[in-house]
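What follows is the content of upload-v2.pdb, which has PDB, C-alpha atoms:
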```pdb
MODEL        1
ATOM      1  CA  MET S   1      62.680  86.249  72.998  1.00  0.00           C
ATOM      2  CA  ALA S   2      65.143  86.234  70.119  1.00  0.00           C
ATOM      3  CA  ALA S   3      63.240  83.433  68.382  1.00  0.00           C
ATOM      4  CA  ALA S   4      59.940  85.276  68.771  1.00  0.00           C
ATOM      5  CA  LEU S   5      61.437  88.454  67.328  1.00  0.00           C
ATOM      6  CA  ALA S   6      63.026  86.515  64.468  1.00  0.00           C
ATOM      7  CA  ALA S   7      59.622  85.027  63.724  1.00  0.00           C
ATOM      8  CA  ALA S   8      58.208  88.544  63.481  1.00  0.00           C
ATOM      9  CA  GLY S   9      60.037  88.684  60.193  1.00  0.00           C
ATOM     10  CA  PRO S  10      61.233  91.555  58.055  1.00  0.00           C
ATOM     11  CA  ASP S  11      58.582  94.000  59.274  1.00  0.00           C
ATOM     12  CA  PHE S  12      60.095  94.027  62.748  1.00  0.00           C
ATOM     13  CA  ARG S  13      63.632  94.475  61.447  1.00  0.00           C
ATOM     14  CA  ALA S  14      62.536  97.225  59.053  1.00  0.00           C
ATOM     15  CA  ALA S  15      60.719  99.074  61.843  1.00  0.00           C
ATOM     16  CA  CYS S  16      63.820  98.889  64.052  1.00  0.00           C
ATOM     17  CA  ARG S  17      66.052 100.121  61.251  1.00  0.00           C
ATOM     18  CA  LEU S  18      63.722 103.026  60.413  1.00  0.00           C
ATOM     19  CA  ALA S  19      63.374 104.017  64.067  1.00  0.00           C
ATOM     20  CA  GLU S  20      67.163 104.099  64.429  1.00  0.00           C
ATOM     21  CA  GLN S  21      67.561 106.209  61.283  1.00  0.00           C
ATOM     22  CA  GLU S  22      64.898 108.652  62.432  1.00  0.00           C
ATOM     23  CA  ARG S  23      66.414 108.875  65.928  1.00  0.00           C
ATOM     24  CA  THR S  24      69.796 109.685  64.410  1.00  0.00           C
ATOM     25  CA  GLU S  25      68.264 112.294  62.124  1.00  0.00           C
ATOM     26  CA  LEU S  26      66.370 113.896  64.992  1.00  0.00           C
ATOM     27  CA  GLU S  27      69.531 114.031  67.122  1.00  0.00           C
ATOM     28  CA  THR S  28      71.347 115.941  64.375  1.00  0.00           C
ATOM     29  CA  LEU S  29      68.520 118.503  64.191  1.00  0.00           C
ATOM     30  CA  LEU S  30      68.372 119.247  67.911  1.00  0.00           C
ATOM     31  CA  GLU S  31      70.664 121.697  69.643  1.00  0.00           C
ATOM     32  CA  GLY S  32      71.279 122.968  73.142  1.00  0.00           C
ATOM     33  CA  ARG S  33      68.646 122.246  75.756  1.00  0.00           C
ATOM     34  CA  ALA S  34      66.463 120.288  73.318  1.00  0.00           C
ATOM     35  CA  ALA S  35      69.361 117.954  72.481  1.00  0.00           C
ATOM     36  CA  GLY S  36      70.064 117.365  76.165  1.00  0.00           C
ATOM     37  CA  LEU S  37      66.410 116.743  76.933  1.00  0.00           C
ATOM     38  CA  PHE S  38      66.118 114.270  74.076  1.00  0.00           C
ATOM     39  CA  SER S  39      69.255 112.452  75.203  1.00  0.00           C
ATOM     40  CA  ARG S  40      67.921 112.133  78.761  1.00  0.00           C
ATOM     41  CA  TYR S  41      64.570 110.975  77.379  1.00  0.00           C
ATOM     42  CA  LEU S  42      66.291 108.219  75.399  1.00  0.00           C
ATOM     43  CA  ASP S  43      68.257 107.139  78.466  1.00  0.00           C
ATOM     44  CA  HIS S  44      65.139 106.976  80.637  1.00  0.00           C
ATOM     45  CA  GLN S  45      63.141 105.213  77.939  1.00  0.00           C
ATOM     46  CA  ALA S  46      65.879 102.604  77.521  1.00  0.00           C
ATOM     47  CA  GLN S  47      65.985 102.009  81.285  1.00  0.00           C
ATOM     48  CA  ALA S  48      62.196 101.645  81.437  1.00  0.00           C
ATOM     49  CA  GLU S  49      62.244  99.161  78.555  1.00  0.00           C
ATOM     50  CA  GLU S  50      65.027  97.162  80.220  1.00  0.00           C
ATOM     51  CA  ASP S  51      63.071  97.059  83.489  1.00  0.00           C
ATOM     52  CA  GLU S  52      59.993  95.880  81.595  1.00  0.00           C
ATOM     53  CA  ARG S  53      61.945  93.118  79.841  1.00  0.00           C
ATOM     54  CA  LEU S  54      63.350  91.964  83.169  1.00  0.00           C
ATOM     55  CA  ALA S  55      59.871  91.929  84.721  1.00  0.00           C
ATOM     56  CA  LEU S  56      58.517  89.894  81.789  1.00  0.00           C
ATOM     57  CA  PHE S  57      61.393  87.438  82.135  1.00  0.00           C
ATOM     58  CA  GLN S  58      60.774  87.087  85.863  1.00  0.00           C
ATOM     59  CA  CYS S  59      57.054  86.492  85.263  1.00  0.00           C
ATOM     60  CA  GLY S  60      57.828  83.833  82.659  1.00  0.00           C
ATOM     61  CA  LEU S  61      60.328  82.169  84.963  1.00  0.00           C
ATOM     62  CA  SER S  62      57.821  82.171  87.815  1.00  0.00           C
ATOM     63  CA  LEU S  63      55.133  80.720  85.560  1.00  0.00           C
ATOM     64  CA  GLY S  64      57.532  78.006  84.394  1.00  0.00           C
ATOM     65  CA  ARG S  65      58.354  77.083  87.975  1.00  0.00           C
ATOM     66  CA  GLU S  66      54.671  76.880  88.852  1.00  0.00           C
ATOM     67  CA  LEU S  67      53.967  74.660  85.865  1.00  0.00           C
ATOM     68  CA  ALA S  68      56.912  72.428  86.716  1.00  0.00           C
ATOM     69  CA  GLN S  69      55.322  71.696  90.107  1.00  0.00           C
ATOM     70  CA  ILE S  70      52.087  70.474  88.558  1.00  0.00           C
TER      71      ILE S  70
ENDMDL
END
```

Do you think you could lay out the structure here as C-alpha cells?
Amino acid sequence: MAAALAAAGPDFRAACRLAEQERTELETLLEGRAAGLFSRYLDHQAQAEEDERLALFQCGLSLGRELAQI
C-alpha cells in the first residue's frame, strides 16, 4: 500500500496536507456542540476507513492464497 501511495506522487501528498490544514482550521472555528459533533464524526470516519483498509487487506490476502494454490 505504501508503494502504491508513493507512486501516486506529489498530488496525493499535497491533497493529504491540504485536508489536514483544512481540518485543523475547521476545528478552530467550531465551538460547543458543533465541535463535539465534528470530533465524533472524525473518530467514526477514521474507524470506518480503518475497517475498510483491513477488509481490503484480507481480500488481497485471500486472493493471494487462492492464486498460490493454482

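Residue selection for this entry, given the PyMOL selection byres ((chain S and resi 39-56) around 12), comprises Met1, Glu20, Arg23, Thr24, Leu26, Glu27, Thr28, Leu30, Glu31, Gly32, Arg33, Ala34, Ala35, Gly36, Leu37, Phe38, Phe57, Gln58, Cys59, Gly60, Leu61, Ser62 and Leu63 of chain S.
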
Checklist line | Gap from CA of Ala4 (chain S) to CA of Glu25 (chain S) - Å, one decimal | finding: 29.0 Å

Check: Please, what distance in Å, to one decimal, runs between CA of Leu5 (chain S) and CA of Ala19 (chain S)?
Finding: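 Separation between CA of Leu5 (chain S) and CA of Ala19 (chain S): 16.0 Å.
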
Notebook entry, point to check: Hey, can you check how far CA of Ala68 (chain S) sits from CA of Ala2 (chain S)?
Noted result: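 Going from CA of Ala68 (chain S) over to CA of Ala2 (chain S) covers 23.1 Å.
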
Dump region 2-65 of chain S with C-alpha atoms to a file, as a short mmCIF file (atom, residue, chain, number, x, y, z; two decimals), in the first residue's frame.
```cif
data_model
loop_
_atom_site.label_atom_id
_atom_site.label_comp_id
_atom_site.auth_asym_id
_atom_site.auth_seq_id
_atom_site.Cartn_x
_atom_site.Cartn_y
_atom_site.Cartn_z
CA ALA S 2 2.81 2.38 0.87
CA ALA S 3 4.47 1.81 -2.50
CA ALA S 4 1.21 2.45 -4.34
CA LEU S 5 0.65 5.68 -2.43
CA ALA S 6 4.24 6.77 -3.03
CA ALA S 7 3.69 6.16 -6.73
CA ALA S 8 0.68 8.47 -6.60
CA GLY S 9 3.24 11.22 -6.36
CA PRO S 10 3.06 14.77 -5.09
CA ASP S 11 -0.65 15.19 -5.82
CA PHE S 12 -1.54 12.64 -3.17
CA ARG S 13 0.78 14.18 -0.59
CA ALA S 14 -0.48 17.69 -1.37
CA ALA S 15 -4.10 16.58 -1.02
CA CYS S 16 -3.34 14.98 2.36
CA ARG S 17 -1.52 18.08 3.56
CA LEU S 18 -4.34 20.40 2.45
CA ALA S 19 -7.00 18.18 4.03
CA GLU S 20 -5.12 18.23 7.33
CA GLN S 21 -4.74 22.01 7.23
CA GLU S 22 -8.43 22.49 6.46
CA ARG S 23 -9.45 20.04 9.21
CA THR S 24 -7.35 21.96 11.71
CA GLU S 25 -8.81 25.27 10.56
CA LEU S 26 -12.35 23.94 10.78
CA GLU S 27 -11.73 22.61 14.30
CA THR S 28 -10.62 26.06 15.46
CA LEU S 29 -13.82 27.63 14.06
CA LEU S 30 -16.24 25.22 15.73
CA GLU S 31 -17.44 25.60 19.29
CA GLY S 32 -19.67 23.75 21.70
CA ARG S 33 -21.96 21.09 20.29
CA ALA S 34 -20.67 21.58 16.73
CA ALA S 35 -17.09 20.95 17.87
CA GLY S 36 -18.13 17.79 19.69
CA LEU S 37 -20.14 16.54 16.74
CA PHE S 38 -17.24 17.16 14.37
CA SER S 39 -14.84 15.36 16.69
CA ARG S 40 -17.13 12.32 16.89
CA TYR S 41 -17.55 12.42 13.11
CA LEU S 42 -13.78 12.32 12.65
CA ASP S 43 -13.48 9.41 15.07
CA HIS S 44 -16.19 7.41 13.31
CA GLN S 45 -14.80 8.24 9.87
CA ALA S 46 -11.32 7.10 10.93
CA GLN S 47 -12.73 3.83 12.30
CA ALA S 48 -14.68 3.21 9.08
CA GLU S 49 -11.58 3.86 6.98
CA GLU S 50 -9.52 1.51 9.16
CA ASP S 51 -12.16 -1.21 8.82
CA GLU S 52 -12.16 -0.72 5.05
CA ARG S 53 -8.37 -0.98 4.86
CA LEU S 54 -8.46 -4.17 6.90
CA ALA S 55 -11.15 -5.64 4.64
CA LEU S 56 -9.10 -4.76 1.53
CA PHE S 57 -6.03 -6.38 3.08
CA GLN S 58 -7.99 -9.52 3.92
CA CYS S 59 -9.38 -9.70 0.37
CA GLY S 60 -5.89 -9.32 -1.09
CA LEU S 61 -4.53 -11.97 1.24
CA SER S 62 -7.34 -14.35 0.32
CA LEU S 63 -6.76 -13.72 -3.38
CA GLY S 64 -3.04 -14.37 -2.94
CA ARG S 65 -3.74 -17.65 -1.19
#
```
